[in-house]
Amino acid sequence: MKYLKNVLAFIGFIVVIGSLVYAVQKSTDETNAVEAANNEIVEDKNVGDGYQITAISIPEDLNFAGEPVPLEDPEVMERADREFLVNTYWQSNALLLMKRANKYFPIIEPILAKNGIPDDFKYVAVAESALIGVASPAGAAGMWHFMKGTGREYGLEVNANVDERYHIRKSTQAACEYINKWKNRFGTWTLAAASYNAGPGAIQKYLGIQKVDNYYDLLLGQETGRYVFRIMALKEILSNPEKFGFKVDKDDFYNAVPTFSVEVDEPVASWADFAKQYEINYKILKRHNPWLREPHLNNASKKKYVIEIPIKGYYRESK
């Protein structure tokens, strides 16, 4: 019996020792886990070592089409600051705009210059459509986002078959005529730009009600109130990408594919068949002539249209 008691006592001793060892090991593991978690927290806090989010310095000489912005007004300064921050830190969008601008600005710039429109107005097309021709929910279309009635008013053909709001050269010319008309009416390029967004009737109404004569003194709705500031922010960012933290190499930009012109003054039964004559497909034909809205051309009036065809070798041969 005494022997059995000794054995039980020994077993009890072993159990106690094992429990103590387990407790010490568990405590050590928990301590290590806490330390590891703390280390991870420290690493998370150091993300800024490789990426800094900072306030944006607004250029002291900020202007639109040579007309200075009254940045000494704190409300004006805040509106400008908002657009610089939003458009600088929406990095993917800014990069896409830079890439597209390299492709389309060489087409837009000489048309603006020919019509006496300041170069800053090319950023109106950027603000309106991001340099793509997708229609807005309100029905504005093309890079310059003309509504149907306004497009027709300024000489564009707009119907289900042909919609020249999507014709970059013709719509840019129409935009120039619009801008010149309302610059002459309102007296400043800034108000002409605001009228492009809100409509000249709305701008005239607000000027009369509020008894002021410039954009920066007008109390406007959210969209038009931000509009000119957004254009100026886009101008500064796209003109000076390195200043705003963007590193873009020449090879990163999109480039226009060279084309030659083909005149058409008859109906076309199938643009797909037409495209095959030039060893391209319907998709490529539409890419260069987005104003062709249907897979055929009615043209009962025998109007002359100019079709852009890409020079051979820039696309894989269509089968």
# chains A, B, ... in the order shown; residues from 1 in each chain; ligands from 1

$ residues_around --residues "stretch 234-248 of chain A" --least-positions-apart "5" --cutoff "9 Å" --atoms "only C-alpha atoms" --output "list in words"
Ile56, Pro59, Leu62, Glu83, Phe84, Asn87, Thr88, Gln91, Ala94, Leu95, Leu97, Met98, Lys99, Ala101, Asp120, Lys122, Tyr123, Val126, Ala127, Phe229 and Phe253 of chain A

$ closest_atom_pairs --of "stretch 237-290 of chain A" --to "stretch 158-178 of chain A" --cutoff "10 Å" --atoms "only C-alpha atoms" --output "tab-separated table"
residue	atom	partner	partner_atom	distance
A:His288	CA	A:His167	CA	9.3
A:Asn289	CA	A:His167	CA	7.2
A:Pro290	CA	A:Tyr166	CA	5.8

$ write_last_selection --atoms "N, CA and C atoms" --output "tab-separated table (two decimals), in the first residue's frame"
chain	number	residue	atom	x	y	z
A	288	HIS	N	-11.89	54.58	-86.51
A	288	HIS	CA	-11.38	55.79	-87.16
A	288	HIS	C	-12.50	56.71	-87.67
A	289	ASN	N	-13.70	56.20	-87.70
A	289	ASN	CA	-14.85	56.99	-88.18
A	289	ASN	C	-16.05	56.75	-87.27
A	290	PRO	N	-15.95	57.13	-86.00
A	290	PRO	CA	-17.01	56.82	-85.04
A	290	PRO	C	-18.32	57.54	-85.33

$ closest_residue --among "A:Ile307, A:Trp291, A:Leu85, A:Trp271" --to "A:Thr259" --atoms "only C-alpha atoms"
A:Ile307

$ closest_residue --among "A:Lys312, A:Lys205, A:Arg185, A:Arg293" --to "A:Gln277" --atoms "only C-alpha atoms"
A:Lys312

$ select_by_dssp --residues "stretch 204-262 of chain A" --states "alpha helix (DSSP H)" --output "PyMOL selection string"
chain A and resi 204-210+222-239
